[in-house]
file my_file_29.csv (CSV, C-alpha atoms and all ligand atoms)
chain,number,residue,atom,x,y,z
A,1,MET,CA,12.8,10.8,17.5
A,2,PRO,CA,11.6,10.7,13.9
A,3,VAL,CA,9.2,7.7,14.1
A,4,CYS,CA,6.9,7.9,17.1
A,5,PRO,CA,4.7,5.3,18.7
A,6,THR,CA,1.0,5.9,17.9
A,7,LEU,CA,-1.5,5.9,20.8
A,8,GLU,CA,-4.3,3.4,21.0
A,9,LEU,CA,-8.0,4.1,21.7
A,10,GLY,CA,-8.5,4.3,25.5
A,11,ASP,CA,-5.4,6.5,26.0
A,12,PRO,CA,-6.6,9.6,27.8
A,13,LEU,CA,-4.3,11.8,25.6
A,14,LEU,CA,-6.5,11.0,22.6
A,15,ARG,CA,-9.5,12.6,24.5
A,16,GLN,CA,-7.9,16.0,25.2
A,17,GLN,CA,-8.5,19.2,23.3
A,18,ALA,CA,-5.3,20.1,21.4
A,19,GLN,CA,-3.9,23.6,21.8
A,20,PRO,CA,-3.5,26.1,18.9
A,21,VAL,CA,0.1,26.6,17.6
A,22,THR,CA,1.2,30.1,18.4
A,23,ASP,CA,4.4,30.2,16.3
A,24,PRO,CA,4.4,27.9,13.2
A,25,ALA,CA,8.2,28.6,12.7
A,26,ALA,CA,9.1,27.4,16.2
A,27,PRO,CA,11.7,24.6,16.0
A,28,GLU,CA,9.5,22.3,18.0
A,29,VAL,CA,6.6,22.8,15.6
A,30,GLN,CA,8.8,22.1,12.6
A,31,ALA,CA,10.2,19.0,14.3
A,32,LEU,CA,6.7,17.9,15.1
A,33,ILE,CA,5.7,18.1,11.4
A,34,ILE,CA,8.7,16.0,10.4
A,35,ASP,CA,7.9,13.4,13.1
A,36,LEU,CA,4.3,13.2,11.9
A,37,TRP,CA,5.5,12.6,8.3
A,38,ASP,CA,8.1,10.0,9.4
A,39,THR,CA,5.5,8.2,11.6
A,40,LEU,CA,2.8,8.2,8.9
A,41,ARG,CA,5.2,6.8,6.3
A,42,ASP,CA,6.4,4.2,8.7
A,43,PHE,CA,2.8,3.2,9.5
A,44,GLN,CA,1.9,3.0,5.8
A,45,GLN,CA,4.9,0.8,5.1
A,46,ARG,CA,4.1,-1.6,7.9
A,47,ASN,CA,0.3,-1.7,7.5
A,48,GLY,CA,-0.4,-0.8,3.9
A,49,TRP,CA,-2.9,1.9,4.8
A,50,GLY,CA,-3.2,5.3,6.6
A,51,ARG,CA,-3.4,8.6,4.8
A,52,ALA,CA,-3.2,11.1,7.6
A,53,LEU,CA,-2.0,11.7,11.1
A,54,ALA,CA,-2.9,14.2,13.8
A,55,ALA,CA,-0.5,15.3,16.5
A,56,PRO,CA,-2.6,13.9,19.3
A,57,VAL,CA,-2.3,10.4,17.8
A,58,ILE,CA,1.5,10.6,18.7
A,59,GLY,CA,0.6,12.1,22.1
A,60,VAL,CA,1.3,15.8,21.2
A,61,GLY,CA,-1.5,18.1,22.2
A,62,LEU,CA,-1.1,20.7,19.4
A,63,ARG,CA,-3.4,21.5,16.4
A,64,VAL,CA,-1.3,20.0,13.6
A,65,ILE,CA,-2.2,17.4,11.1
A,66,VAL,CA,-0.5,15.9,8.0
A,67,ILE,CA,-2.4,14.4,5.1
A,68,ALA,CA,-1.0,12.4,2.1
A,69,PHE,CA,-3.7,12.4,-0.5
A,70,GLU,CA,-3.5,11.5,-4.2
A,71,GLY,CA,0.1,12.6,-4.5
A,72,GLN,CA,-0.4,15.8,-2.4
A,73,GLU,CA,1.4,16.2,0.9
A,74,LEU,CA,-0.4,18.7,3.2
A,75,ALA,CA,0.7,19.9,6.6
A,76,LEU,CA,-2.1,21.9,8.3
A,77,ILE,CA,-1.5,24.0,11.4
A,78,ASN,CA,-4.5,25.3,13.4
A,79,PRO,CA,-7.1,24.0,10.8
A,80,ARG,CA,-10.6,25.3,11.2
A,81,PHE,CA,-13.8,24.9,9.3
A,82,GLU,CA,-15.0,27.9,7.3
A,83,SER,CA,-18.1,26.1,6.2
A,84,TRP,CA,-19.8,22.7,5.7
A,85,GLY,CA,-22.0,21.6,2.8
A,86,ARG,CA,-25.6,20.6,3.5
A,87,SER,CA,-25.5,17.2,1.9
A,88,GLN,CA,-24.2,14.3,4.0
A,89,ALA,CA,-22.3,11.3,2.7
A,90,LEU,CA,-22.1,7.8,4.3
A,91,ASP,CA,-18.7,6.0,4.0
A,92,TYR,CA,-16.5,3.7,5.9
A,93,GLU,CA,-13.7,5.0,8.2
A,94,CYS,CA,-10.9,3.3,10.1
A,95,CYS,CA,-8.4,4.9,12.5
A,96,ILE,CA,-4.8,4.3,13.3
A,97,THR,CA,-5.6,4.3,17.0
A,98,PHE,CA,-8.0,1.3,16.6
A,99,GLY,CA,-7.2,-0.2,13.2
A,100,ALA,CA,-9.0,-3.4,13.7
A,101,ILE,CA,-12.5,-2.0,13.3
A,102,TRP,CA,-14.3,-0.2,10.4
A,103,GLY,CA,-17.7,1.5,10.3
A,104,ALA,CA,-19.7,3.8,8.1
A,105,VAL,CA,-20.2,7.4,9.3
A,106,TYR,CA,-22.3,10.2,7.9
A,107,ARG,CA,-20.4,13.4,7.4
A,108,PRO,CA,-20.9,16.6,5.4
A,109,GLU,CA,-19.9,15.8,1.8
A,110,GLN,CA,-18.1,19.1,1.3
A,111,VAL,CA,-16.2,21.3,3.7
A,112,VAL,CA,-14.0,24.4,3.4
A,113,VAL,CA,-11.1,24.4,5.8
A,114,VAL,CA,-8.6,27.2,6.5
A,115,ALA,CA,-5.2,26.4,8.0
A,116,LEU,CA,-1.6,27.6,8.1
A,117,ASP,CA,0.8,25.6,6.1
A,118,ALA,CA,4.3,24.6,7.3
A,119,ASN,CA,5.6,28.0,6.3
A,120,GLY,CA,2.9,29.7,8.4
A,121,VAL,CA,1.0,30.9,5.2
A,122,GLU,CA,-2.8,30.7,5.3
A,123,GLN,CA,-4.3,28.2,2.9
A,124,ARG,CA,-7.9,27.5,2.0
A,125,PHE,CA,-9.1,24.0,1.1
A,126,GLU,CA,-12.4,23.4,-0.7
A,127,ALA,CA,-12.7,19.7,-0.2
A,128,ALA,CA,-15.2,17.0,-1.2
A,129,GLY,CA,-15.3,13.2,-1.1
A,130,SER,CA,-12.4,11.4,0.5
A,131,LEU,CA,-10.3,14.5,1.2
A,132,SER,CA,-13.3,16.2,3.0
A,133,ARG,CA,-13.8,13.0,5.1
A,134,LEU,CA,-10.1,12.8,5.9
A,135,LEU,CA,-10.0,16.5,7.0
A,136,GLN,CA,-13.0,16.0,9.2
A,137,HIS,CA,-11.6,12.8,10.8
A,138,GLU,CA,-8.3,14.4,11.6
A,139,ILE,CA,-9.7,17.7,12.9
A,140,ASP,CA,-11.9,15.5,15.2
A,141,HIS,CA,-8.7,14.1,16.7
A,142,LEU,CA,-7.7,17.7,17.5
A,143,ASP,CA,-10.9,18.0,19.5
A,144,GLY,CA,-10.5,14.6,21.3
A,145,LEU,CA,-13.0,12.8,19.1
A,146,VAL,CA,-12.8,9.6,17.1
A,147,TRP,CA,-15.2,8.3,14.4
A,148,LEU,CA,-17.0,6.1,16.9
A,149,ASP,CA,-18.2,9.4,18.5
A,150,ARG,CA,-19.9,10.4,15.2
A,151,GLU,CA,-22.8,7.9,15.6
A,152,PRO,CA,-21.7,5.3,13.0
A,153,ASP,CA,-24.4,3.1,11.5
A,154,ALA,CA,-24.0,0.3,14.0
A,155,ALA,CA,-25.0,-2.4,11.5
A,156,THR,CA,-21.9,-1.5,9.4
A,157,ILE,CA,-19.3,-1.9,12.1
A,158,CYS,CA,-17.0,-4.7,11.1
A,159,THR,CA,-13.5,-6.1,11.4
A,160,THR,CA,-10.7,-5.2,8.9
A,161,ARG,CA,-10.8,-8.8,7.6
A,162,GLU,CA,-14.6,-8.6,7.0
A,163,ARG,CA,-14.2,-5.1,5.4
A,164,LYS,CA,-11.6,-6.5,3.0
A,165,ARG,CA,-13.9,-9.4,2.1
A,166,GLN,CA,-16.8,-7.0,1.4
A,167,LEU,CA,-14.5,-4.9,-0.9
A,168,MET,CA,-13.4,-8.0,-2.7
A,169,ASP,CA,-17.1,-9.0,-3.2
A,170,GLN,CA,-17.9,-5.6,-4.5
A,171,GLN,CA,-15.0,-5.7,-7.0
A,172,GLY,CA,-16.1,-9.2,-8.0
A,173,SER,CA,-19.6,-8.2,-8.7
A,174,ALA,CA,-18.5,-5.1,-10.6
A,175,LYS,CA,-16.7,-7.2,-13.2
B,201,ZN,ZN,-8.0,8.5,13.3
call {"tool": "encode", "arguments": {"input": "my_file_29.csv", "output": "structure tokens", "more": "lines below"}}
Ligand SMILES: [Zn+2]
result
Amino acid sequence: MPVCPTLELGDPLLRQQAQPVTDPAAPEVQALIIDLWDTLRDFQQRNGWGRALAAPVIGVGLRVIVIAFEGQELALINPRFESWGRSQALDYECCITFGAIWGAVYRPEQVVVVALDANGVEQRFEAAGSLSRLLQHEIDHLDGLVWLDREPDAATICTTRERKRQLMDQQGSAK
């Protein structure tokens, strides 16, 4: 089952705490990572967006995420925050589980995340900007949270079509 259906907001599986992986080399964990990649790529092809996927989004309650970011492909097993920066950044987020709505959320601008890679080797990520936000969004999924739970600025919540219009306006005024 390489490409899996993605759950939609309201599904109780999205609200469960995912369990740590005990053996990264286990065949079911390796198969899960392949399923996550296949599902993320399929989603990207069909929708033109989506940079990361957490196992709970395909209904699997394990602490595994994959992130495709600026040419890097990262699989993170049992990711945890080592530290958060003090400064907060406000930026828009969207989610595969409710892709019709966008909103701006404050999150720490910088984070340090420690995780096992697909080979079970510990990796440390010092992330800022978009990668930091992606990591925080995906690790939230492992804890049963979505960006709506992060107290978005209510005035910024908008539809995908409105968000695209805003971005086009910004591009137009930047010329
Ligand atoms: Zn999401």
call {"tool": "residues_around", "arguments": {"input": "my_file_29.csv", "residues": "segment 133-135 of chain A", "least_positions_apart": "2", "cutoff": "12 Å", "atoms": "all atoms listed in the file", "output": "ChimeraX atom specification"}}
result
/A:50-54,64-69,74-76,79-81,84,88-95,104-115,125-131,137-142,146-147
call {"tool": "atom_distance", "arguments": {"input": "my_file_29.csv", "atom1": "atom CA of Glu28 of chain A", "atom2": "atom CA of Gly48 of chain A"}}
result
28.8 Å
call {"tool": "atom_distance", "arguments": {"input": "my_file_29.csv", "atom1": "atom CA of Gln19 of chain A", "atom2": "atom CA of Gln72 of chain A"}}
result
25.7 Å
call {"tool": "closest_residue", "arguments": {"input": "my_file_29.csv", "among": "A:Leu145, A:Ala25, A:Arg15, A:Val3", "to": "Arg41 of chain A", "atoms": "all atoms listed in the file"}}
result
A:Val3
call {"tool": "residues_near_point", "arguments": {"input": "my_file_29.csv", "point": "(-3.2, 9.6, 17.9)", "cutoff": "10 Å", "atoms": "all atoms listed in the file", "output": "PDB file with C-alpha atoms, keeping the file's coordinate frame"}}
result
ATOM      1  CA  PRO A   5       4.700   5.300  18.700  1.00  0.00           C
ATOM      2  CA  THR A   6       1.000   5.900  17.900  1.00  0.00           C
ATOM      3  CA  LEU A   7      -1.500   5.900  20.800  1.00  0.00           C
ATOM      4  CA  GLU A   8      -4.300   3.400  21.000  1.00  0.00           C
ATOM      5  CA  LEU A   9      -8.000   4.100  21.700  1.00  0.00           C
ATOM      6  CA  ASP A  11      -5.400   6.500  26.000  1.00  0.00           C
ATOM      7  CA  LEU A  13      -4.300  11.800  25.600  1.00  0.00           C
ATOM      8  CA  LEU A  14      -6.500  11.000  22.600  1.00  0.00           C
ATOM      9  CA  ARG A  15      -9.500  12.600  24.500  1.00  0.00           C
ATOM     10  CA  LEU A  53      -2.000  11.700  11.100  1.00  0.00           C
ATOM     11  CA  ALA A  54      -2.900  14.200  13.800  1.00  0.00           C
ATOM     12  CA  ALA A  55      -0.500  15.300  16.500  1.00  0.00           C
ATOM     13  CA  PRO A  56      -2.600  13.900  19.300  1.00  0.00           C
ATOM     14  CA  VAL A  57      -2.300  10.400  17.800  1.00  0.00           C
ATOM     15  CA  ILE A  58       1.500  10.600  18.700  1.00  0.00           C
ATOM     16  CA  GLY A  59       0.600  12.100  22.100  1.00  0.00           C
ATOM     17  CA  VAL A  60       1.300  15.800  21.200  1.00  0.00           C
ATOM     18  CA  GLY A  61      -1.500  18.100  22.200  1.00  0.00           C
ATOM     19  CA  CYS A  95      -8.400   4.900  12.500  1.00  0.00           C
ATOM     20  CA  ILE A  96      -4.800   4.300  13.300  1.00  0.00           C
ATOM     21  CA  THR A  97      -5.600   4.300  17.000  1.00  0.00           C
ATOM     22  CA  PHE A  98      -8.000   1.300  16.600  1.00  0.00           C
ATOM     23  CA  GLU A 138      -8.300  14.400  11.600  1.00  0.00           C
ATOM     24  CA  HIS A 141      -8.700  14.100  16.700  1.00  0.00           C
ATOM     25  CA  LEU A 142      -7.700  17.700  17.500  1.00  0.00           C
ATOM     26  CA  GLY A 144     -10.500  14.600  21.300  1.00  0.00           C
ATOM     27  CA  VAL A 146     -12.800   9.600  17.100  1.00  0.00           C
TER      28      VAL A 146
END
call {"tool": "residues_around", "arguments": {"input": "my_file_29.csv", "residues": "Pro2 of chain A", "least_positions_apart": "4", "cutoff": "8 Å", "atoms": "all atoms listed in the file", "output": "list of chain:residue names"}}
result
A:Ile34, A:Asp35, A:Leu36, A:Asp38, A:Thr39
